[in-house]
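Colleague: File name my_file_37.txt; file contents compact mmCIF, C-alpha atoms; full text below.
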# COMPACT_ATOMS: atom_id res chain seq x y z
CA MET Q 253 -26.02 -232.44 -174.24
CA PHE Q 254 -25.58 -230.54 -170.98
CA PHE Q 255 -27.79 -230.71 -167.92
CA ILE Q 256 -27.75 -227.79 -165.49
CA GLY Q 257 -29.20 -228.04 -161.99
CA ILE Q 258 -29.88 -224.87 -160.01
CA ASP Q 259 -30.69 -224.89 -156.30
CA ILE Q 260 -32.69 -221.70 -155.68
CA ALA Q 261 -32.40 -219.60 -152.51
CA LYS Q 262 -33.31 -216.03 -151.60
CA ALA Q 263 -29.87 -214.37 -151.50
CA PHE Q 264 -27.97 -216.68 -153.85
CA SER Q 265 -28.34 -219.90 -155.82
CA VAL Q 266 -25.98 -222.77 -156.59
CA CYS Q 267 -25.47 -224.29 -160.04
CA SER Q 268 -24.03 -227.64 -161.21
CA VAL Q 269 -23.39 -228.73 -164.81
CA ILE Q 270 -23.04 -232.32 -166.06
CA ASP Q 271 -22.94 -233.89 -169.53
CA ASP Q 272 -24.82 -236.89 -170.92
CA LYS Q 273 -22.24 -239.20 -169.33
CA GLU Q 274 -23.07 -237.69 -165.92
CA GLU Q 275 -19.57 -236.24 -165.68
CA MET Q 276 -19.30 -232.87 -163.94
CA ILE Q 277 -18.33 -230.25 -166.54
CA ILE Q 278 -18.45 -227.22 -164.25
CA LYS Q 279 -18.00 -227.59 -160.51
CA PRO Q 280 -20.84 -226.24 -158.36
CA PHE Q 281 -20.68 -222.46 -158.14
CA SER Q 282 -22.87 -219.85 -156.51
CA PHE Q 283 -24.34 -216.70 -158.02
CA ASN Q 284 -26.25 -213.87 -156.35
CA SER Q 285 -29.93 -213.13 -156.88
CA SER Q 286 -29.11 -209.94 -158.78
CA ALA Q 287 -28.53 -208.72 -162.34
CA ASP Q 288 -24.77 -209.30 -161.96
CA GLY Q 289 -25.42 -212.72 -160.48
CA PHE Q 290 -27.63 -213.72 -163.41
CA LYS Q 291 -24.92 -212.51 -165.82
CA LYS Q 292 -22.37 -214.69 -164.01
CA LEU Q 293 -24.64 -217.70 -164.55
CA ILE Q 294 -25.02 -216.90 -168.26
CA ASN Q 295 -21.27 -216.43 -168.69
CA ASN Q 296 -20.68 -219.92 -167.28
CA ILE Q 297 -23.37 -221.38 -169.52
CA VAL Q 298 -21.93 -219.61 -172.61
CA SER Q 299 -18.52 -221.12 -171.81
CA LEU Q 300 -19.97 -224.51 -172.75
CA ASN Q 301 -19.81 -223.37 -176.40
CA CYS Q 302 -23.02 -225.03 -177.52
CA ASN Q 303 -26.46 -224.16 -178.86
CA THR Q 304 -29.27 -223.40 -176.38
CA LYS Q 305 -31.17 -226.45 -177.68
CA ASP Q 306 -28.33 -228.64 -176.34
CA ILE Q 307 -28.89 -227.39 -172.79
CA ILE Q 308 -31.60 -228.36 -170.31
CA ILE Q 309 -31.82 -226.36 -167.09
CA GLY Q 310 -33.68 -227.64 -164.04
CA MET Q 311 -34.79 -225.84 -160.89
CA GLU Q 312 -37.27 -226.46 -158.11
CA ALA Q 313 -40.53 -224.50 -158.01
CA THR Q 314 -39.84 -223.29 -154.47
CA GLY Q 315 -42.34 -220.65 -153.38
CA LEU Q 316 -41.92 -217.69 -155.73
CA LEU Q 317 -38.12 -217.51 -155.54
CA PHE Q 318 -37.68 -219.33 -158.84
CA GLU Q 319 -39.90 -217.03 -160.91
CA ASN Q 320 -37.49 -214.21 -161.86
CA LEU Q 321 -34.66 -216.56 -162.84
CA TYR Q 322 -37.07 -218.86 -164.68
CA ARG Q 323 -38.41 -216.01 -166.80
CA TYR Q 324 -34.92 -214.55 -167.33
CA LEU Q 325 -33.60 -217.84 -168.73
CA SER Q 326 -36.79 -218.57 -170.70
CA ASP Q 327 -36.56 -215.17 -172.38
CA LEU Q 328 -33.07 -216.17 -173.55
CA ASN Q 329 -34.62 -219.27 -175.19
CA TYR Q 330 -33.21 -221.79 -172.74
CA ASN Q 331 -35.23 -224.93 -172.04
CA VAL Q 332 -36.03 -224.59 -168.33
CA ILE Q 333 -37.69 -227.43 -166.41
CA LEU Q 334 -39.57 -226.68 -163.21
CA LEU Q 335 -39.49 -229.54 -160.72
CA ASN Q 336 -41.69 -230.28 -157.75
CA PRO Q 337 -39.41 -230.39 -154.63
CA TYR Q 338 -41.10 -233.71 -153.77
CA GLN Q 339 -39.63 -235.23 -156.94
CA THR Q 340 -36.07 -234.15 -156.16
CA ALA Q 341 -36.39 -235.36 -152.55
CA GLN Q 342 -37.51 -238.80 -153.72
CA TYR Q 343 -34.77 -238.96 -156.36
CA ARG Q 344 -32.13 -237.93 -153.79
CA ASN Q 345 -33.24 -240.75 -151.50
CA MET Q 346 -33.07 -243.22 -154.35
CA VAL Q 347 -29.60 -242.11 -155.51
CA THR Q 348 -27.86 -241.63 -152.15
CA MET Q 349 -29.86 -244.08 -149.96
CA LYS Q 350 -29.33 -241.66 -147.09
CA TYR Q 351 -30.35 -238.16 -146.09
CA VAL Q 352 -27.69 -235.86 -147.51
CA LYS Q 353 -28.55 -232.25 -148.19
CA ASN Q 354 -26.56 -229.11 -148.96
CA ASP Q 355 -26.68 -226.58 -151.77
CA ASN Q 356 -23.95 -228.23 -153.88
CA ILE Q 357 -25.49 -231.69 -153.61
CA ASP Q 358 -28.99 -230.34 -154.24
CA SER Q 359 -27.94 -228.66 -157.49
CA LEU Q 360 -26.15 -231.85 -158.60
CA ILE Q 361 -29.21 -233.97 -157.75
CA ILE Q 362 -31.37 -231.66 -159.87
CA SER Q 363 -29.00 -231.97 -162.84
CA LEU Q 364 -28.95 -235.78 -162.48
CA LEU Q 365 -32.75 -235.89 -162.24
CA ILE Q 366 -33.34 -233.93 -165.45
CA LYS Q 367 -30.68 -236.02 -167.20
CA SER Q 368 -32.53 -239.18 -166.14
CA GLY Q 369 -35.80 -237.87 -167.60
CA ARG Q 370 -37.70 -239.31 -164.62
CA TYR Q 371 -39.63 -236.18 -163.73
CA SER Q 372 -42.86 -234.35 -164.39
CA LYS Q 373 -42.51 -230.80 -165.65
CA GLY Q 374 -43.87 -227.92 -163.62
CA TYR Q 375 -45.65 -224.98 -165.16
CA VAL Q 376 -45.64 -221.18 -164.94
CA ASN Q 377 -48.90 -219.42 -165.79
CA GLU Q 378 -49.14 -216.90 -168.56
CA GLU Q 379 -49.38 -213.25 -167.49
CA GLN Q 380 -53.12 -212.99 -166.82
CA LEU Q 381 -53.36 -216.42 -165.21
CA GLN Q 382 -50.31 -215.61 -163.11
CA SER Q 383 -52.03 -212.38 -162.01
CA LEU Q 384 -55.10 -214.42 -161.12
CA LYS Q 385 -52.98 -216.81 -159.07
CA VAL Q 386 -51.21 -213.99 -157.18
CA LEU Q 387 -54.49 -212.27 -156.29
CA PHE Q 388 -56.22 -215.53 -155.39
CA ARG Q 389 -53.48 -216.63 -153.00
CA HIS Q 390 -53.35 -213.17 -151.45
CA LYS Q 391 -57.10 -213.38 -150.91
CA GLU Q 392 -56.72 -216.79 -149.25
CA ASN Q 393 -54.06 -215.38 -146.89
CA ILE Q 394 -56.37 -212.51 -145.96
CA LYS Q 395 -59.21 -214.99 -145.37
CA ASP Q 396 -56.96 -216.92 -142.98
CA ASN Q 397 -56.20 -213.68 -141.09
CA LEU Q 398 -59.91 -212.89 -141.02
CA LYS Q 399 -60.76 -216.32 -139.58
CA SER Q 400 -58.15 -215.82 -136.87
CA LEU Q 401 -59.60 -212.41 -135.95
CA LYS Q 402 -63.12 -213.83 -135.84
CA ARG Q 403 -62.05 -216.69 -133.56
CA GLU Q 404 -60.33 -214.25 -131.23
CA THR Q 405 -63.35 -211.93 -131.15
CA SER Q 406 -65.83 -214.78 -130.69
CA SER Q 407 -63.84 -215.99 -127.69
CA LEU Q 408 -64.24 -212.55 -126.15
CA PHE Q 409 -67.98 -212.41 -126.94
CA ALA Q 410 -68.32 -215.70 -125.03
CA VAL Q 411 -67.20 -213.77 -121.93
CA VAL Q 412 -68.71 -210.29 -122.36
CA PHE Q 413 -72.05 -211.42 -123.78
CA PRO Q 414 -72.36 -215.24 -123.57
CA GLU Q 415 -76.06 -215.12 -124.49
CA LEU Q 416 -75.45 -213.25 -127.76
CA ASP Q 417 -75.54 -216.31 -130.04
CA LYS Q 418 -79.11 -217.03 -128.91
CA VAL Q 419 -80.20 -213.93 -130.83
CA ILE Q 420 -77.46 -213.29 -133.39
CA LYS Q 421 -76.23 -216.32 -135.33
CA ASP Q 422 -73.65 -214.45 -137.40
CA PRO Q 423 -71.98 -211.65 -135.42
CA TYR Q 424 -69.87 -210.66 -138.46
CA ASN Q 425 -72.46 -209.64 -141.04
CA VAL Q 426 -73.04 -205.94 -141.77
CA SER Q 427 -75.90 -205.45 -139.32
CA SER Q 428 -74.25 -207.34 -136.47
CA LEU Q 429 -70.98 -205.43 -136.79
CA ILE Q 430 -72.86 -202.11 -136.65
CA LEU Q 431 -74.67 -203.22 -133.51
CA LEU Q 432 -71.62 -204.69 -131.72
CA ASP Q 433 -69.41 -201.74 -132.63
CA LYS Q 434 -71.93 -199.51 -130.88
CA TYR Q 435 -72.65 -201.87 -127.95
CA PRO Q 436 -69.72 -204.35 -127.67
CA THR Q 437 -70.66 -206.00 -124.34
CA ALA Q 438 -73.86 -206.96 -122.54
CA LYS Q 439 -73.25 -204.17 -120.03
CA HIS Q 440 -73.23 -201.58 -122.83
CA PHE Q 441 -76.92 -202.34 -123.49
CA GLU Q 442 -77.95 -200.78 -120.16
CA ASN Q 443 -80.32 -197.85 -120.77
CA VAL Q 444 -80.60 -198.85 -124.48
CA THR Q 445 -84.11 -198.98 -125.97
CA VAL Q 446 -85.61 -200.96 -128.84
CA LYS Q 447 -85.99 -197.73 -130.80
CA MET Q 448 -82.27 -196.94 -130.39
CA ILE Q 449 -81.30 -200.38 -131.73
CA LEU Q 450 -83.64 -200.26 -134.74
CA LYS Q 451 -82.40 -196.77 -135.61
CA LEU Q 452 -78.91 -198.24 -136.25
CA PHE Q 453 -80.22 -200.32 -139.16
CA ARG Q 454 -82.35 -197.82 -141.05
CA LYS Q 455 -79.83 -197.46 -143.88
CA VAL Q 456 -78.77 -201.11 -144.04
CA LYS Q 457 -80.20 -202.85 -147.11
CA GLY Q 458 -81.69 -206.29 -146.56
CA ASN Q 459 -81.64 -205.91 -142.79
CA ASN Q 460 -84.09 -208.17 -140.93
CA PHE Q 461 -83.35 -207.03 -137.39
CA ASN Q 462 -86.91 -206.43 -136.21
CA GLU Q 463 -88.52 -205.20 -133.01
CA ALA Q 464 -89.04 -208.71 -131.58
CA LYS Q 465 -85.36 -209.56 -132.00
CA ALA Q 466 -84.35 -206.24 -130.41
CA LYS Q 467 -86.56 -206.93 -127.37
CA LEU Q 468 -85.12 -210.43 -127.02
CA LEU Q 469 -81.57 -209.08 -127.22
CA LEU Q 470 -82.25 -206.51 -124.50
CA SER Q 471 -83.81 -209.21 -122.33
CA TYR Q 472 -80.70 -211.40 -122.57
CA ALA Q 473 -78.43 -208.39 -121.96
CA LYS Q 474 -80.38 -207.54 -118.81
CA ASP Q 475 -80.08 -211.08 -117.41
CA THR Q 476 -76.50 -211.70 -118.58
CA ILE Q 477 -74.06 -213.65 -116.45
CA TYR Q 478 -71.23 -211.30 -117.50
CA SER Q 479 -69.86 -209.58 -114.39
CA GLY Q 480 -68.78 -206.44 -116.23
CA SER Q 481 -65.09 -206.98 -115.39
CA ALA Q 482 -62.73 -204.91 -117.58
CA LYS Q 483 -65.75 -203.76 -119.55
CA ASP Q 484 -64.14 -200.72 -121.18
CA ALA Q 485 -60.86 -202.47 -122.02
CA ARG Q 486 -62.69 -205.39 -123.59
CA ALA Q 487 -64.96 -203.01 -125.48
CA LEU Q 488 -61.88 -201.31 -126.94
CA PHE Q 489 -60.47 -204.72 -127.88
CA ILE Q 490 -63.70 -205.70 -129.69
CA ARG Q 491 -64.06 -202.37 -131.50
CA SER Q 492 -60.45 -202.58 -132.64
CA ASN Q 493 -61.04 -206.06 -134.01
CA ILE Q 494 -64.26 -204.99 -135.71
CA THR Q 495 -62.35 -202.24 -137.52
CA LEU Q 496 -59.82 -204.81 -138.72
CA ILE Q 497 -62.54 -207.30 -139.71
CA ARG Q 498 -64.32 -204.70 -141.81
CA ALA Q 499 -61.05 -203.72 -143.51
CA LEU Q 500 -60.24 -207.34 -144.34
CA GLN Q 501 -63.78 -207.97 -145.61
CA GLU Q 502 -63.43 -204.96 -147.92
CA GLN Q 503 -60.04 -206.21 -149.13
CA ILE Q 504 -61.47 -209.65 -149.92
CA LYS Q 505 -64.37 -208.06 -151.85
CA SER Q 506 -61.94 -205.80 -153.75
CA LEU Q 507 -59.70 -208.75 -154.66
CA GLU Q 508 -62.67 -210.85 -155.78
CA ASP Q 509 -63.91 -208.00 -158.01
CA GLU Q 510 -60.44 -207.61 -159.54
CA MET Q 511 -60.15 -211.36 -160.16
CA LEU Q 512 -63.53 -211.40 -161.90
CA LYS Q 513 -62.31 -208.59 -164.17
CA ILE Q 514 -59.26 -210.69 -165.07
CA PHE Q 515 -61.47 -213.76 -165.42
CA ASP Q 516 -63.63 -211.95 -167.98
CA LYS Q 517 -60.62 -210.80 -170.05
CA PRO Q 518 -59.01 -212.83 -172.84
CA ILE Q 519 -56.38 -215.20 -171.46
CA GLU Q 520 -53.78 -214.31 -174.08
CA GLU Q 521 -52.58 -211.01 -175.46
CA ASN Q 522 -52.65 -209.98 -179.15
CA ILE Q 523 -55.22 -212.56 -180.18
CA THR Q 524 -57.78 -212.30 -182.96
CA LYS Q 525 -61.41 -211.37 -182.41
CA GLU Q 526 -62.36 -214.95 -183.28
CA ASP Q 527 -60.03 -216.34 -180.60
CA GLU Q 528 -61.26 -213.76 -178.11
CA ASP Q 529 -64.86 -214.84 -178.73
CA TYR Q 530 -63.83 -218.49 -178.37
CA ILE Q 531 -62.14 -217.93 -174.99
CA SER Q 532 -65.11 -215.88 -173.79
CA SER Q 533 -67.48 -218.70 -174.75
CA VAL Q 534 -65.33 -221.25 -172.84
CA LEU Q 535 -65.61 -219.19 -169.67
CA ASP Q 536 -69.35 -218.68 -170.19
CA ASN Q 537 -69.81 -222.43 -170.64
CA LEU Q 538 -67.96 -223.20 -167.41
CA ARG Q 539 -70.39 -220.93 -165.57
CA THR Q 540 -73.34 -223.13 -166.61
CA ILE Q 541 -72.55 -225.92 -164.11
CA PRO Q 542 -75.18 -225.82 -161.32
CA GLY Q 543 -73.56 -225.63 -157.89
CA VAL Q 544 -70.16 -224.48 -159.23
CA SER Q 545 -69.52 -220.82 -158.47
CA ASP Q 546 -67.15 -218.33 -160.04
CA LYS Q 547 -64.99 -218.68 -156.92
CA THR Q 548 -64.45 -222.38 -157.65
CA LEU Q 549 -63.60 -221.67 -161.29
CA LEU Q 550 -61.22 -218.91 -160.20
CA ALA Q 551 -59.50 -221.32 -157.81
CA ILE Q 552 -59.03 -223.96 -160.54
CA LEU Q 553 -57.75 -221.57 -163.21
CA ALA Q 554 -55.59 -219.61 -160.76
CA GLU Q 555 -53.88 -222.71 -159.39
CA CYS Q 556 -53.82 -224.92 -162.51
CA GLY Q 557 -53.46 -222.39 -165.32
CA ASN Q 558 -54.51 -223.30 -168.84
CA LEU Q 559 -56.25 -226.68 -168.55
CA ASP Q 560 -55.26 -227.62 -172.11
CA ARG Q 561 -51.80 -228.50 -170.80
CA PHE Q 562 -53.19 -231.62 -169.09
CA LYS Q 563 -53.43 -234.61 -171.44
CA ASN Q 564 -56.61 -235.85 -169.76
CA ALA Q 565 -58.89 -235.34 -166.76
CA LYS Q 566 -57.03 -238.00 -164.79
CA SER Q 567 -53.83 -235.95 -165.09
CA LEU Q 568 -55.65 -232.87 -163.75
CA ILE Q 569 -57.06 -234.83 -160.80
CA GLY Q 570 -53.60 -236.21 -160.03
CA TYR Q 571 -52.11 -232.71 -160.20
CA LEU Q 572 -54.76 -231.45 -157.79
CA GLY Q 573 -54.07 -234.36 -155.41
CA LEU Q 574 -57.77 -235.14 -155.36
CA TYR Q 575 -57.48 -238.74 -154.22
CA PRO Q 576 -57.48 -240.47 -150.82
CA THR Q 577 -54.38 -242.07 -149.33
CA GLN Q 578 -54.41 -245.87 -149.24
CA TYR Q 579 -52.53 -248.47 -147.23
CA GLN Q 580 -52.64 -252.15 -148.11
CA SER Q 581 -50.73 -255.00 -146.49
CA GLY Q 582 -51.94 -258.58 -146.74
CA ASN Q 583 -55.66 -258.61 -145.97
CA SER Q 584 -55.57 -255.10 -144.49
CA HIS Q 585 -56.73 -252.27 -146.72
CA THR Q 586 -57.26 -248.79 -145.29
CA VAL Q 587 -58.48 -245.70 -147.16
CA GLY Q 588 -57.45 -242.50 -145.40
CA ARG Q 589 -57.88 -238.78 -145.82
CA LEU Q 590 -57.14 -236.80 -149.00
CA ALA Q 591 -53.51 -236.92 -150.08
CA GLN Q 592 -51.39 -234.05 -148.78
CA ARG Q 593 -49.76 -233.66 -152.16
CA GLY Q 594 -51.37 -231.47 -154.78
CA ILE Q 595 -52.96 -228.03 -154.66
CA PRO Q 596 -54.68 -227.44 -151.27
CA ILE Q 597 -56.54 -224.27 -152.28
CA ALA Q 598 -58.05 -225.81 -155.41
CA LYS Q 599 -58.83 -229.08 -153.60
CA HIS Q 600 -60.70 -227.21 -150.87
CA ALA Q 601 -62.62 -225.16 -153.47
CA LEU Q 602 -63.69 -228.34 -155.30
CA TYR Q 603 -64.68 -230.06 -152.07
CA MET Q 604 -66.86 -227.10 -151.01
CA SER Q 605 -68.27 -226.99 -154.52
CA ALA Q 606 -69.17 -230.68 -154.15
CA VAL Q 607 -71.09 -229.84 -150.96
CA ALA Q 608 -72.98 -227.08 -152.79
CA SER Q 609 -73.62 -229.30 -155.83
CA VAL Q 610 -75.28 -231.99 -153.71
CA LEU Q 611 -77.83 -229.31 -152.78
CA HIS Q 612 -78.20 -227.55 -156.15
CA ASN Q 613 -77.29 -230.06 -158.86
CA GLU Q 614 -79.84 -232.82 -159.42
CA GLN Q 615 -77.47 -235.12 -161.33
CA LEU Q 616 -74.59 -234.85 -158.86
CA ARG Q 617 -77.01 -235.28 -155.96
CA LYS Q 618 -78.12 -238.60 -157.50
CA ILE Q 619 -74.50 -239.77 -157.79
CA PHE Q 620 -73.88 -238.74 -154.18
CA ARG Q 621 -76.90 -240.67 -152.89
CA ASP Q 622 -76.01 -243.73 -154.97
CA LYS Q 623 -72.47 -243.78 -153.56
CA VAL Q 624 -73.71 -243.41 -149.97
CA SER Q 625 -76.28 -246.17 -150.55
CA SER Q 626 -73.54 -248.46 -151.84
CA GLY Q 627 -71.64 -248.12 -148.56
CA LYS Q 628 -69.40 -245.10 -149.11
CA SER Q 629 -69.10 -242.60 -146.29
CA LYS Q 630 -70.48 -239.13 -147.00
CA LYS Q 631 -66.93 -237.74 -147.14
CA GLU Q 632 -65.84 -240.38 -149.65
CA ALA Q 633 -68.94 -239.65 -151.73
CA LEU Q 634 -68.16 -235.91 -151.68
CA ILE Q 635 -64.61 -236.61 -152.89
CA ILE Q 636 -66.09 -238.59 -155.79
CA ILE Q 637 -68.37 -235.63 -156.58
CA ALA Q 638 -65.39 -233.25 -156.41
CA LYS Q 639 -63.50 -235.45 -158.89
CA LYS Q 640 -66.56 -235.50 -161.12
CA ILE Q 641 -66.71 -231.69 -161.05
CA ALA Q 642 -63.00 -231.48 -161.92
CA THR Q 643 -63.60 -233.88 -164.83
CA MET Q 644 -66.54 -231.79 -166.07
CA ILE Q 645 -64.56 -228.55 -165.86
CA TYR Q 646 -61.68 -230.12 -167.77
CA SER Q 647 -63.91 -231.53 -170.54
CA MET Q 648 -65.96 -228.36 -170.90
CA PHE Q 649 -62.78 -226.25 -171.02
CA LYS Q 650 -61.11 -228.52 -173.58
CA TYR Q 651 -64.08 -229.02 -175.92
CA ASN Q 652 -65.82 -225.68 -175.27
CA THR Q 653 -69.23 -227.18 -174.51
CA PRO Q 654 -71.90 -226.06 -172.03
CA TYR Q 655 -73.09 -228.18 -169.11
CA ASN Q 656 -74.92 -231.30 -170.30
CA PRO Q 657 -76.87 -233.06 -167.50
CA ASN Q 658 -77.08 -236.25 -169.56
CA ARG Q 659 -73.29 -236.52 -169.68
CA VAL Q 660 -73.03 -236.25 -165.90
CA LEU Q 661 -74.77 -239.56 -165.36
CA VAL Q 662 -72.42 -241.44 -167.68
CA SER Q 663 -70.96 -244.28 -165.60
CA TYR Q 664 -68.31 -242.82 -163.35
CA ARG Q 665 -65.74 -245.00 -161.66
CA LYS Q 666 -63.87 -243.71 -158.59
Output the file's structure as structure tokens, nothing else.
Modeller:
Amino acid sequence: MFFIGIDIAKAFSVCSVIDDKEEMIIKPFSFNSSADGFKKLINNIVSLNCNTKDIIIGMEATGLLFENLYRYLSDLNYNVILLNPYQTAQYRNMVTMKYVKNDNIDSLIISLLIKSGRYSKGYVNEEQLQSLKVLFRHKENIKDNLKSLKRETSSLFAVVFPELDKVIKDPYNVSSLILLDKYPTAKHFENVTVKMILKLFRKVKGNNFNEAKAKLLLSYAKDTIYSGSAKDARALFIRSNITLIRALQEQIKSLEDEMLKIFDKPIEENITKEDEDYISSVLDNLRTIPGVSDKTLLAILAECGNLDRFKNAKSLIGYLGLYPTQYQSGNSHTVGRLAQRGIPIAKHALYMSAVASVLHNEQLRKIFRDKVSSGKSKKEALIIIAKKIATMIYSMFKYNTPYNPNRVLVSYRK
């Protein structure tokens, strides 16, 4: 049996090969991230003169750099193990007892780790789930950019129209952006009438900007403490940001629509009509949980893939990192924040879903209140609700059953 460790990098990777006696068969060598580089790797593997089933290849799931090589080797029927970098770091510390890190040593550590068998396999989504993951993460990056733009713009509003939030609670909805694009500072409302403001919203559906609100806005603009300094430059700044905010909002909506299209498609290609109906019913069942939106389900499936790969709900919760850190020494026992390990995007989605469920799900609201009454903090209780939601999603996915409120109240232990 041969164990191959590959340390992945952008321009080139390094490979080490050992046998079941942990003897180095091929000294560490590098190969480029190119077609010729991949062929060089295969030529070295072929030189071992053995069947593909007698070879295990390990690599870290580092960003997206591993994906092309992983799929290339998998298509050639090699057994490829994806490792969490945390696992290799811990194993390195255990083996060397000191911090030693370079490409050659890293590849050797990976080969030793997979030979030891003391690892948890990573996972690469199938095509449609991988597409879902790519789009979902891109959407999250855009949302981060949008939040940054909003913070920057809000800081400027605090100078050019500090009284604005007394009238407009959300300056970034459709109506507010129309208004502030036209009149970006308090000084721009000079000579503006109520009729001129209301005219801006005639074609906006669901708009509730009425005459009373317009009069109040003009009153605050008239008595503003803004001096008018750099009025035109700041107006240009705000209008520029509003253009970017609108573009990002449209991108987020477009990505969400595309993800929902993928979400409503069969997860696998070339399946029978019976299987297609089964998968469709699973997704429909997941949508029956009160307080759990499509966005939460998208986050779970995008980040976790096919939930059948987890042996139980506890494994899914561990993968998500949905547990608090703990420190115990003698009589001291401290429970801290959520563990940093796991899947941040999915954890956040489940936590926000827990907040929504406390409002909209009678059974989960009862669990929340019971936990708070027993002495848990509200945050701890919400984490318990998030874990409960993850457990429900896993069970409903695995057994293809709709939401059953009676099952929710089955004794749940943190």
Colleague: Skipping near chain neighbours, those fewer than 5 positions away, what residues fall within 12 Å of Phe409 in chain Q using only C-alpha atoms, listed as a ChimeraX atom specification?
Modeller: /Q:402-404,414-417,420,423-424,432,435-439,476,478,483,486-487,489-491,493
Colleague: Please identify all polymer residues within 12 Å of range 283-289 of chain Q, counting all atoms listed in the file, omitting same-chain residues fewer than 3 positions from it, and present them as a ChimeraX atom specification.
Modeller: /Q:258-268,280,292-296,317-321,324,355
Colleague: Under the rule that only C-alpha atoms are counted, which of Q:Gly594, Q:Gly310, Q:Pro657, Q:Gly570 is the nearest residue to Met644 in chain Q?
Modeller: Q:Pro657
Colleague: Dig up all the protein and nucleic acid residues within 12 Å of (-79.2, -202.3, -123.0) in the file frame, using only C-alpha atoms, and format them as a PyMOL selection string.
Modeller: chain Q and resi 413+431-432+434-449+466-476
Colleague: Give the answer as one residue: which of Q:Ser481, Q:Ser363, Q:Ser406, Q:Ser383 has the shortest atom-to-atom distance to Ile333 in chain Q, using only C-alpha atoms?
Modeller: Q:Ser363
